[in-house]
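Student: If you scroll down you'll find the structure; I have some questions about it.
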Amino acid sequence: MRQARRKYFGRVAARLERVSEAIRDQAVAGVEPHRFEQGGRHPALEVQDIPVSKIRPEYGLGRKRDRDGHRELRRSIEQFGVLTPITVRLAPDGSGDYLLIKGQGRTLACEMLGLATIPGIVVAPDFAEDEKVQQFLVENVARLRMRPVDRALLISRARQRGEETVDVARRFGVTPATVRRLQAQLETASKTEVAALRDGSVNLALHAVISRHVLDSAERADVVGEIAKFDLRTREVDELFRAIGWASLVELGGKAHRRSRLLLISWACHALSGLGKGAIDDRLSQLAERLPLSFGEETHVAGVVGA
């Protein structure tokens with residue numbers, strides 16, 4: 001059985017290589033994917049909501065999953081929804097269940113979040129065995145080639161070019177609310193911010209928090225660059241902005257004190273990251289005790305060195 005399976009995977013290796021090259025080229029060129037088509041043998045299929053409780057792995061295509069390893073994926077789905085639809089087919093046993101062809105990680109994350117449905121594409125019940133295996137293998141390649149941040153940028157770009165929100169949502173298999181949220185977050189993102197997202201210095205959730213607090217795009221690029229230097233969780237950064245009263249500082253100082261705000265957030269991130277583990281409220285209290293009475297360039301440098 002194992003030998004036959006290895007032989008079968010060998011037959012699809014060349015085809016997979018061609019498909020992976022196409023995925024890579026699309027990701028690099030920024031080409032938006034169109035509706036899912038099954039090689040011309042079946043009509044194009046639309047995305048629909050699939051009950052999570054009715055999904056089970058396709059026989060022989062399941063993978064072992066570390067539930068703790070899905071924290072980042074869960075956070076992303078909780079904030080932005082599922083950006084890439086899963087692929088399923090109706091189970092032939094008449095149970096009404098769906099057999100999962102690709103999207104095991106996203107399905108598990110939705111299950112752990114308690115979501116009732118997940119966007120998915122239902123292929124024909126007679127979906128050929130070689131097509132199932134190819135989809136399963138391409139899923140692994142796609143996870144490396146087309147990351148959630150790349151897909152999010154494509155969604156934002158489609159809206160900037162004038163495509164209607166509902167049409168973008170339908171084509172990418174997300175909700176209109178997700179499209180609007182990504183558009184608001186990314187439409188004014190600078191090249192510096194996009195670069196930080198692409199190289200993993202900040203993730204979508206962390207960038208969303210920074211965007212919510214720092215409205216000026218020029219200032220936000222500098223803030224993203226500073227926060228990216230430190231290993232802080234999204235919630236920690238959110239609480240930090242609230243604790244230092246960022247919105248009030250902007251109202252009081254505006255552009256005239258932009259540099260001072262940048263020094264403050266840089267000092268605060270450095271000091272907070274050096275306080276070790278513990279409840280965020282306790283760590284912020286410790287941070288307040290270290291806050292300099294005056295905050296200029298020299299004070300910032302001394303504060304960071306002494307933190």
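Here, A, B, ... name the chains of the structure tokens in the order displayed, residue numbers run from 1 inside each chain, and ligands are numbered from 1 in the same displayed order.
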Set the distance at 10 Å and use only C-alpha atoms: which residues neighbour Leu240 (chain A) once local chain neighbours fewer than 3 positions away are removed? I'd like the list as a ChimeraX atom specification.
Tutor: /A:234-237,243-246,265,268-269,272,280-281,284,287
Student: Go ahead and dump the residues you just picked, N, CA and C atoms, as a PDB file, in the first residue's frame.
Tutor:
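out-v3.pdb written:
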ATOM      1  N   THR A 234       0.414  41.327  20.474  1.00  0.00           N
ATOM      2  CA  THR A 234      -0.537  42.321  19.975  1.00  0.00           C
ATOM      3  C   THR A 234      -1.287  42.999  21.117  1.00  0.00           C
ATOM      4  N   ARG A 235      -1.782  42.222  22.067  1.00  0.00           N
ATOM      5  CA  ARG A 235      -2.542  42.793  23.178  1.00  0.00           C
ATOM      6  C   ARG A 235      -1.657  43.708  24.017  1.00  0.00           C
ATOM      7  N   GLU A 236      -0.393  43.365  24.192  1.00  0.00           N
ATOM      8  CA  GLU A 236       0.510  44.203  24.972  1.00  0.00           C
ATOM      9  C   GLU A 236       0.681  45.573  24.327  1.00  0.00           C
ATOM     10  N   VAL A 237       0.835  45.591  23.006  1.00  0.00           N
ATOM     11  CA  VAL A 237       0.997  46.860  22.295  1.00  0.00           C
ATOM     12  C   VAL A 237      -0.280  47.685  22.385  1.00  0.00           C
ATOM     13  N   ALA A 243      -2.307  52.960  27.718  1.00  0.00           N
ATOM     14  CA  ALA A 243      -1.717  53.364  28.994  1.00  0.00           C
ATOM     15  C   ALA A 243      -0.979  54.701  28.890  1.00  0.00           C
ATOM     16  N   ILE A 244      -0.294  54.936  27.788  1.00  0.00           N
ATOM     17  CA  ILE A 244       0.455  56.193  27.649  1.00  0.00           C
ATOM     18  C   ILE A 244      -0.426  57.317  27.111  1.00  0.00           C
ATOM     19  N   GLY A 245      -1.693  57.000  26.817  1.00  0.00           N
ATOM     20  CA  GLY A 245      -2.614  58.023  26.342  1.00  0.00           C
ATOM     21  C   GLY A 245      -2.230  58.596  24.998  1.00  0.00           C
ATOM     22  N   TRP A 246      -1.975  57.719  24.035  1.00  0.00           N
ATOM     23  CA  TRP A 246      -1.486  58.154  22.728  1.00  0.00           C
ATOM     24  C   TRP A 246      -2.425  59.154  22.055  1.00  0.00           C
ATOM     25  N   ILE A 265       7.250  55.964  22.571  1.00  0.00           N
ATOM     26  CA  ILE A 265       6.791  54.605  22.279  1.00  0.00           C
ATOM     27  C   ILE A 265       7.968  53.648  22.166  1.00  0.00           C
ATOM     28  N   ALA A 268       9.076  52.959  25.729  1.00  0.00           N
ATOM     29  CA  ALA A 268       8.086  52.133  26.411  1.00  0.00           C
ATOM     30  C   ALA A 268       8.154  50.675  25.942  1.00  0.00           C
ATOM     31  N   CYS A 269       8.296  50.464  24.630  1.00  0.00           N
ATOM     32  CA  CYS A 269       8.396  49.097  24.093  1.00  0.00           C
ATOM     33  C   CYS A 269       9.648  48.406  24.620  1.00  0.00           C
ATOM     34  N   LEU A 272       9.125  47.718  28.409  1.00  0.00           N
ATOM     35  CA  LEU A 272       8.132  46.668  28.626  1.00  0.00           C
ATOM     36  C   LEU A 272       8.675  45.299  28.248  1.00  0.00           C
ATOM     37  N   ILE A 280      -0.215  41.905  32.195  1.00  0.00           N
ATOM     38  CA  ILE A 280       0.096  43.151  31.502  1.00  0.00           C
ATOM     39  C   ILE A 280      -0.155  44.358  32.392  1.00  0.00           C
ATOM     40  N   ASP A 281      -1.193  44.314  33.241  1.00  0.00           N
ATOM     41  CA  ASP A 281      -1.480  45.439  34.130  1.00  0.00           C
ATOM     42  C   ASP A 281      -0.342  45.668  35.115  1.00  0.00           C
ATOM     43  N   LEU A 284       2.654  47.141  33.238  1.00  0.00           N
ATOM     44  CA  LEU A 284       2.451  48.556  32.900  1.00  0.00           C
ATOM     45  C   LEU A 284       2.623  49.441  34.132  1.00  0.00           C
ATOM     46  N   LEU A 287       6.169  49.884  34.530  1.00  0.00           N
ATOM     47  CA  LEU A 287       6.631  50.795  33.485  1.00  0.00           C
ATOM     48  C   LEU A 287       6.381  52.241  33.888  1.00  0.00           C
TER      49      LEU A 287
END
Student: Considering only C-alpha atoms, return as a list of chain:residue names whatever protein or nucleic-acid residues lie within 10 Å of region 160-168 of chain A, sequence-local ones (same chain, fewer than 5 positions apart) excluded.
Tutor: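 Near neighbours after the sequence-gap exclusion: A:Leu154, A:Ile155, A:Gly173, A:Val174, A:Thr175, A:Pro176, A:Ala177, A:Thr178, A:Val179, A:Arg180, A:Gln183, A:Leu186, A:Glu187.
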Student: I'd like the neighbourhood of Ser53 (chain A) as a list in words, where a residue qualifies if any of its atoms comes within 12 Å (using only C-alpha atoms), though same-chain residues fewer than 3 positions away should be ignored.
Tutor: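 Returned residues: Asp49, Ile50, Arg56, Pro57, Gly96, Asp97, Tyr98, Leu99, Leu100, Thr107, Leu108, Cys110, Glu111, Met112, Gly114, Leu115, Ala116, Thr117 and Ile118 of chain A.
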Student: Pick the closest to Phe80 (chain A) from A:Asp216, A:Ile210, A:Glu226, A:Val149: which is it, counting only C-alpha atoms?
Tutor: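 Answer, going by the shortest atom-to-atom distance: A:Val149.
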Student: Run DSSP on the backbone and give me the residues of region 154-298 of chain A it puts in helix (DSSP H, G or I), as an MDAnalysis selection string.
Tutor: chainID A and resid 154:160 165:172 176:186 191:198 204:213 217:227 234:243 246:273 280:290 297:298
Student: Pick out the closest residue to Thr84 (chain A) from this set: A:Pro148, A:Pro125, A:Gly254, A:Pro51. Count only C-alpha atoms.
Tutor: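 Result for the nearest residue to Thr84 (chain A): A:Pro148.
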Student: For Val82 (chain A), which of A:His270, A:Arg151, A:Lys54, A:Arg290 is the closest residue, counting only C-alpha atoms?
Tutor: A:Arg151
Student: Using only C-alpha atoms, find the one residue out of A:Val122, A:Val47, A:Leu206, A:Arg71 that sits nearest to Arg233 (chain A).
Tutor: A:Leu206
Student: Under the rule that only C-alpha atoms are counted, which of A:Val194, A:Ile227, A:Leu90, A:Ala124 is the nearest residue to Val209 (chain A)?
Tutor: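 Of the candidates, the smallest distance to Val209 (chain A) is held by A:Ile227.
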Student: What's the 10 Å shell around Asn203 (chain A), counting only C-alpha atoms, without same-chain residues fewer than 4 positions away, as a ChimeraX atom specification?
Tutor: /A:72,76,148-149,196-199,207-208,228,234
Student: Residues of the last selection are to be written out with C-alpha atoms, as a PDB file, in the first residue's frame.
Tutor:
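Ended up saving to selection_22.pdb:
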ATOM      1  CA  GLU A  72      -1.308  33.007  15.364  1.00  0.00           C
ATOM      2  CA  SER A  76      -5.769  36.205  12.452  1.00  0.00           C
ATOM      3  CA  PRO A 148      -2.516  35.709   4.637  1.00  0.00           C
ATOM      4  CA  VAL A 149      -0.765  39.086   4.447  1.00  0.00           C
ATOM      5  CA  ALA A 196       7.372  45.074   7.535  1.00  0.00           C
ATOM      6  CA  LEU A 197       4.237  42.999   6.929  1.00  0.00           C
ATOM      7  CA  ARG A 198       5.830  41.019   4.124  1.00  0.00           C
ATOM      8  CA  ASP A 199       9.047  40.217   5.991  1.00  0.00           C
ATOM      9  CA  HIS A 207      -0.475  46.258  12.328  1.00  0.00           C
ATOM     10  CA  ALA A 208      -4.237  46.635  12.815  1.00  0.00           C
ATOM     11  CA  ALA A 228       8.924  45.878  14.998  1.00  0.00           C
ATOM     12  CA  THR A 234      -0.537  42.321  19.975  1.00  0.00           C
TER      13      THR A 234
END
Student: So what do you get for CA of Glu239 (chain A) versus CA of Lys277 (chain A), distance-wise?
Tutor: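 Going from CA of Glu239 (chain A) over to CA of Lys277 (chain A), I get 15.1 Å.
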Student: Have a look at A:Pro119, A:Gly225, A:Gly200, A:Gly278 and name the one nearest to Ser266 (chain A); count only C-alpha atoms.
Tutor: A:Gly225
